[in-house]
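Written out below as structure tokens is the structure these notes cover.
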Amino acid sequence: MALPYDVLTERDRDELYQASPYNIVRLIWGKDLPGDGAQENKYLRAARLLRKWEDEGILIRDEQEAFYLYVQDFVLGKGEVKSRRGIIARVRLEDADSEAILPHEETFPEQTADRLQLIRATRANLDPIFAVYEGETGSLKAILEEEMRQLPLIDIRDRWGIRHRLWAIKKAEARRAIEQEMEDRPLFIGDGHHRYEAALQYRREMMEKEGGAAREEAGYHSTLMTLISTEDPGLVILPVHRLIRGIEGWNLKELLGQAGGSFSVEEVRLPAGEEERERFVSEYLEKEGTFTRCFGLYAGGESLYLLTLYQPQPKLDVAILDELILQGMLGLHGSEKEERVGYTFDTHESLRQVEAGTYDLAFLVRATSLQEVRSVSLAGEKMPQKSTYFYPKLLSGLVIHRLNT
């Protein structure tokens with residue numbers, strides 16, 4: 001098992017490589033090697049390795065159809081224990097203009113291309129897309145609760161202390177009930193926008209290749225998702241802070257002067273302790289209310305600069321930050337933005353990275369709410385990349401969806 005490829009660091013990847021010759025990271029984030037090209041590369045190696053694991057019985061196909069119940073137990077903040085449950089399912093793909101599956105974030109073309117190459121080579125969805133649906137009926141809850149009375153197929157605790165449990169729901173009656181419950185419910189993509197775009201593009205390629213012989217039942221018409229109810233008490237969204245480096249000739253005084261055109265600027269002294277700092281930042285950002293957009297700017301030392309937009313507006317915090325500051329003041333666009341902007345949900349880590357000199361600036365934001373995600377999705381709009389951090393992340397490696405059936 002592993003966290004999704006896009007939240008792992010290279011150090012995480014190397015540790016997982018060493019931990020086991022069968023870790024899923026060897027498939028979802030292979031290493032580039034000298035001499036790689038069209039005839040030999042990490043994607044082709046992943047495909048060969050996947051087949052090898054199947055041949056050796058490391059991975060075994062479940063011959064009986066099933067939905068999988070996935071429960072994560074975790075601790076948030078100061079000891080608050082939470083549990084989140086989802087249904088891992090094969091979900092039929094919908095075109096980008098459909099109102100059945102709704103994204104909410106912009107994507108990076110390079111990452112979509114990377115995931116597309118992996119699908120082409122392996123013909124598999126190696127990890128699930130995170131999606132949420134509204135409401136949950138009593139009958140669906142009853143099915144899931146009944147399943148949880150059985151012994152799970154998998155019950156592990158990861159290095160971050162999160163417990164992961166998995167059950168296979170195989171009874172035909174239960175499967176039909178789940179299909180009926182989910183039939184007309186819109187799905188909102190939380191994590192995995194690049195993988196969903198790649199799946200859509202792969203489907204287009206395969207349909208063009210097969211022409212009039214395109215098969216409605218072909219595996220490429222579907223993708224792997226974990227579906228979680230908006231009413232689940234364990235559904236948590238954390239903020240995604242922005243870290244900036246490599247801006248030539250930047251000057252804090254000039255940057256604050258520029259910001260003064262759109263924001264009020266207040267300098268405050270940060271508390272000394274780690275917990276006190278986190279509490280101070282979160283309490284300030286939350287107290288301003290729904291339509292008053294505010295950020296914390298940290299450039300090192302003991303001062304934090306509180307930037308509050310003069311005119312309240314409905315645009316999201318991350319959208320304002322991206323439009324007015326990252327693009328407008330710092331001139332970060334496209335590939336340069338991808339190269340110079342880092343992301344983390346950890347307030348202390350944001351401050352520490354600047355203090356260590358790894359990054360020059362940290363912009364601290366409040367978490368995007370689930371209602372905001374829903375509103376943006378239904379309006380057909382997109383947030384900037386990395387606008388939400390659904391916590392905890394889904395483990396990769398629990399269930400794989402083979403497309404060649």
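Chain lettering (A, B, ...) mirrors the order of the structure tokens, residue numbering begins at 1 for each chain separately, and ligand numbering begins at 1 in order of display.
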Within 7 Å of range 278-283 of chain A, counting only C-alpha atoms, which residues show up once you throw out same-chain ones fewer than 5 positions away? Write them as a PyMOL selection string, please.
-> chain A and resi 347-348+366
With a distance cut-off of 10 Å and only C-alpha atoms, select the neighbouring residues of Ala299 in chain A, excluding the residue or stretch itself and same-chain residues fewer than 6 positions from it, and output the selection as a ChimeraX atom specification.
-> /A:244,252,305,351,354-355,357,359-363
Within range 167-260 of chain A, find each residue whose DSSP state, derived from the backbone, is alpha helix (DSSP H), and express the selection as a ChimeraX atom specification.
-> /A:172-182,193-210,252-259
Would you list the contacts of Gln201 in chain A as an MDAnalysis selection string, taking every protein, DNA or RNA residue within 8 Å and counting only C-alpha atoms, but skipping same-chain residues closer than 4 positions in sequence?
-> chainID A and resid 116 197 205
Could you turn the residues from that selection into a file that holds N, CA and C atoms, as an mmCIF file, in the first residue's frame?
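Output file out.cif follows:
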```
data_model
loop_
_atom_site.group_PDB
_atom_site.id
_atom_site.type_symbol
_atom_site.label_atom_id
_atom_site.label_comp_id
_atom_site.auth_asym_id
_atom_site.auth_seq_id
_atom_site.Cartn_x
_atom_site.Cartn_y
_atom_site.Cartn_z
ATOM 1 N N LEU A 116 -2.146 9.384 -18.159
ATOM 2 C CA LEU A 116 -2.635 8.763 -19.384
ATOM 3 C C LEU A 116 -1.638 7.714 -19.892
ATOM 4 N N GLU A 197 -9.430 12.912 -15.925
ATOM 5 C CA GLU A 197 -9.203 13.440 -17.265
ATOM 6 C C GLU A 197 -8.462 12.428 -18.128
ATOM 7 N N GLU A 205 -9.555 7.656 -27.033
ATOM 8 C CA GLU A 205 -8.576 6.989 -27.885
ATOM 9 C C GLU A 205 -9.041 5.581 -28.273
#
```
Pick from A:Ile143, A:Glu54, A:Thr137, A:Asp155, whichever lies nearest to Glu181 in chain A using only C-alpha atoms |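 Closest to Glu181 in chain A, using only C-alpha atoms: A:Thr137.
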Find the residues near Ile129 in chain A: any atom within 12 Å, counting only C-alpha atoms, skip ones fewer than 4 places away on the same chain, and give them as a VMD selection string.
-> chain A and resid 4 86 to 91 93 101 103 125 187 to 199 222 to 228 390 393 to 396 399 to 401
Deliver the residues from the most recent selection as a file, using C-alpha atoms, as an mmCIF file, in the first residue's frame.
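Result file is selection_35.cif:
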```
data_model
loop_
_atom_site.group_PDB
_atom_site.id
_atom_site.type_symbol
_atom_site.label_atom_id
_atom_site.label_comp_id
_atom_site.auth_asym_id
_atom_site.auth_seq_id
_atom_site.Cartn_x
_atom_site.Cartn_y
_atom_site.Cartn_z
ATOM 1 C CA PRO A 4 -1.413 8.492 -3.793
ATOM 2 C CA GLY A 86 -16.682 4.890 1.382
ATOM 3 C CA ILE A 87 -17.691 2.447 -1.330
ATOM 4 C CA ILE A 88 -15.018 1.456 -3.845
ATOM 5 C CA ALA A 89 -16.770 0.920 -7.159
ATOM 6 C CA ARG A 90 -16.353 0.850 -10.905
ATOM 7 C CA VAL A 91 -18.109 3.993 -12.156
ATOM 8 C CA LEU A 93 -17.274 7.673 -17.232
ATOM 9 C CA ILE A 101 -19.705 13.620 -12.542
ATOM 10 C CA PRO A 103 -14.915 18.259 -11.169
ATOM 11 C CA ASN A 125 -6.846 1.982 -12.802
ATOM 12 C CA LEU A 187 -20.726 12.666 -8.029
ATOM 13 C CA PHE A 188 -18.363 15.493 -7.091
ATOM 14 C CA ILE A 189 -14.685 14.722 -7.664
ATOM 15 C CA GLY A 190 -12.634 15.527 -4.565
ATOM 16 C CA ASP A 191 -9.211 14.083 -5.447
ATOM 17 C CA GLY A 192 -8.028 12.561 -8.693
ATOM 18 C CA HIS A 193 -8.908 15.172 -11.314
ATOM 19 C CA HIS A 194 -5.849 14.259 -13.390
ATOM 20 C CA ARG A 195 -6.730 10.575 -13.280
ATOM 21 C CA TYR A 196 -10.316 11.292 -14.323
ATOM 22 C CA GLU A 197 -9.203 13.440 -17.265
ATOM 23 C CA ALA A 198 -6.721 10.742 -18.272
ATOM 24 C CA ALA A 199 -9.475 8.088 -18.114
ATOM 25 C CA SER A 222 -15.397 2.976 -16.489
ATOM 26 C CA THR A 223 -12.934 4.097 -13.861
ATOM 27 C CA LEU A 224 -12.259 3.212 -10.232
ATOM 28 C CA MET A 225 -13.727 5.500 -7.556
ATOM 29 C CA THR A 226 -14.252 5.611 -3.807
ATOM 30 C CA LEU A 227 -17.652 7.183 -3.101
ATOM 31 C CA ILE A 228 -18.240 8.993 0.201
ATOM 32 C CA PHE A 390 -9.484 15.814 1.733
ATOM 33 C CA LYS A 393 -5.955 10.324 1.703
ATOM 34 C CA LEU A 394 -7.152 7.030 0.251
ATOM 35 C CA LEU A 395 -4.529 4.304 0.190
ATOM 36 C CA SER A 396 -3.397 3.089 -3.207
ATOM 37 C CA VAL A 399 -8.174 -2.512 -5.151
ATOM 38 C CA ILE A 400 -7.090 -2.398 -8.815
ATOM 39 C CA HIS A 401 -9.487 -2.142 -11.775
#
```
Contacts of Glu146 in chain A within 12 Å, only C-alpha atoms, excl. fewer than 3 positions in-chain, as a PyMOL selection string | chain A and resi 69+139-143+149-152+167-169+171+174
What lies within 7 Å of range 78-84 of chain A using only C-alpha atoms, ignoring chain neighbours under 2 positions off, as a PyMOL selection string?
-> chain A and resi 71-76+86+232-235
Any chance you could export the current selection's C-alpha atoms as a PDB file, in the first residue's frame?
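Here's the written file again-v1.pdb:
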```
ATOM      1  CA  VAL A  71     -13.323   2.508   6.364  1.00  0.00           C
ATOM      2  CA  GLN A  72     -10.599   4.819   7.681  1.00  0.00           C
ATOM      3  CA  ASP A  73     -10.255   5.590  11.408  1.00  0.00           C
ATOM      4  CA  PHE A  74      -8.081   8.586  12.260  1.00  0.00           C
ATOM      5  CA  VAL A  75      -7.333  11.236  14.847  1.00  0.00           C
ATOM      6  CA  LEU A  76      -7.745  14.920  13.980  1.00  0.00           C
ATOM      7  CA  GLY A  86     -16.682   4.890   1.382  1.00  0.00           C
ATOM      8  CA  ASP A 232     -20.325  11.260   6.615  1.00  0.00           C
ATOM      9  CA  PRO A 233     -19.044  12.770   9.898  1.00  0.00           C
ATOM     10  CA  GLY A 234     -15.511  11.760   8.924  1.00  0.00           C
ATOM     11  CA  LEU A 235     -15.485  13.839   5.723  1.00  0.00           C
TER      12      LEU A 235
END
```
CA of Leu307 in chain A and CA of Glu266 in chain A, how far apart in Å?
-> 6.7 Å
So how many Å separate CA of Arg203 in chain A and CA of Arg123 in chain A, to one decimal?
->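 Going from CA of Arg203 in chain A over to CA of Arg123 in chain A, I get 11.0 Å.
From CA of Arg185 in chain A back to CA of Thr230 in chain A, the distance works out to 11.8 Å.
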Determine the nearest neighbour of Leu16 in chain A from the options A:Gly57, A:Gly138, A:Gly30, A:Gly219, counting only C-alpha atoms.
->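 Counting only C-alpha atoms, the residue closest to Leu16 in chain A is A:Gly30.
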Taking the chain letters and numbering used in this document, name the residues of range 161-384 of chain A that DSSP puts in strand (DSSP E or B), as JSON, numbers by chain.
-> {"A": [163, 164, 165, 166, 167, 168, 169, 187, 188, 189, 190, 191, 222, 223, 224, 225, 226, 227, 228, 229, 236, 237, 238, 241, 242, 243, 244, 263, 264, 265, 266, 267, 268, 269, 294, 295, 296, 297, 298, 303, 304, 305, 306, 307, 308, 309, 341, 342, 343, 344, 361, 362, 363, 364, 383]}
May I have the residues within 7 Å of Thr122 in chain A as a list in words, using only C-alpha atoms and disregarding those fewer than 4 positions away in the same chain?
->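 Skipping anything fewer than 4 positions along the chain leaves Ala46, Ala47 and Leu118 of chain A.
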Using only C-alpha atoms, which of the listed residues (A:Val318, A:Glu248, A:Gly135, A:Gly37) sits closest to Lys382 in chain A?
-> A:Val318
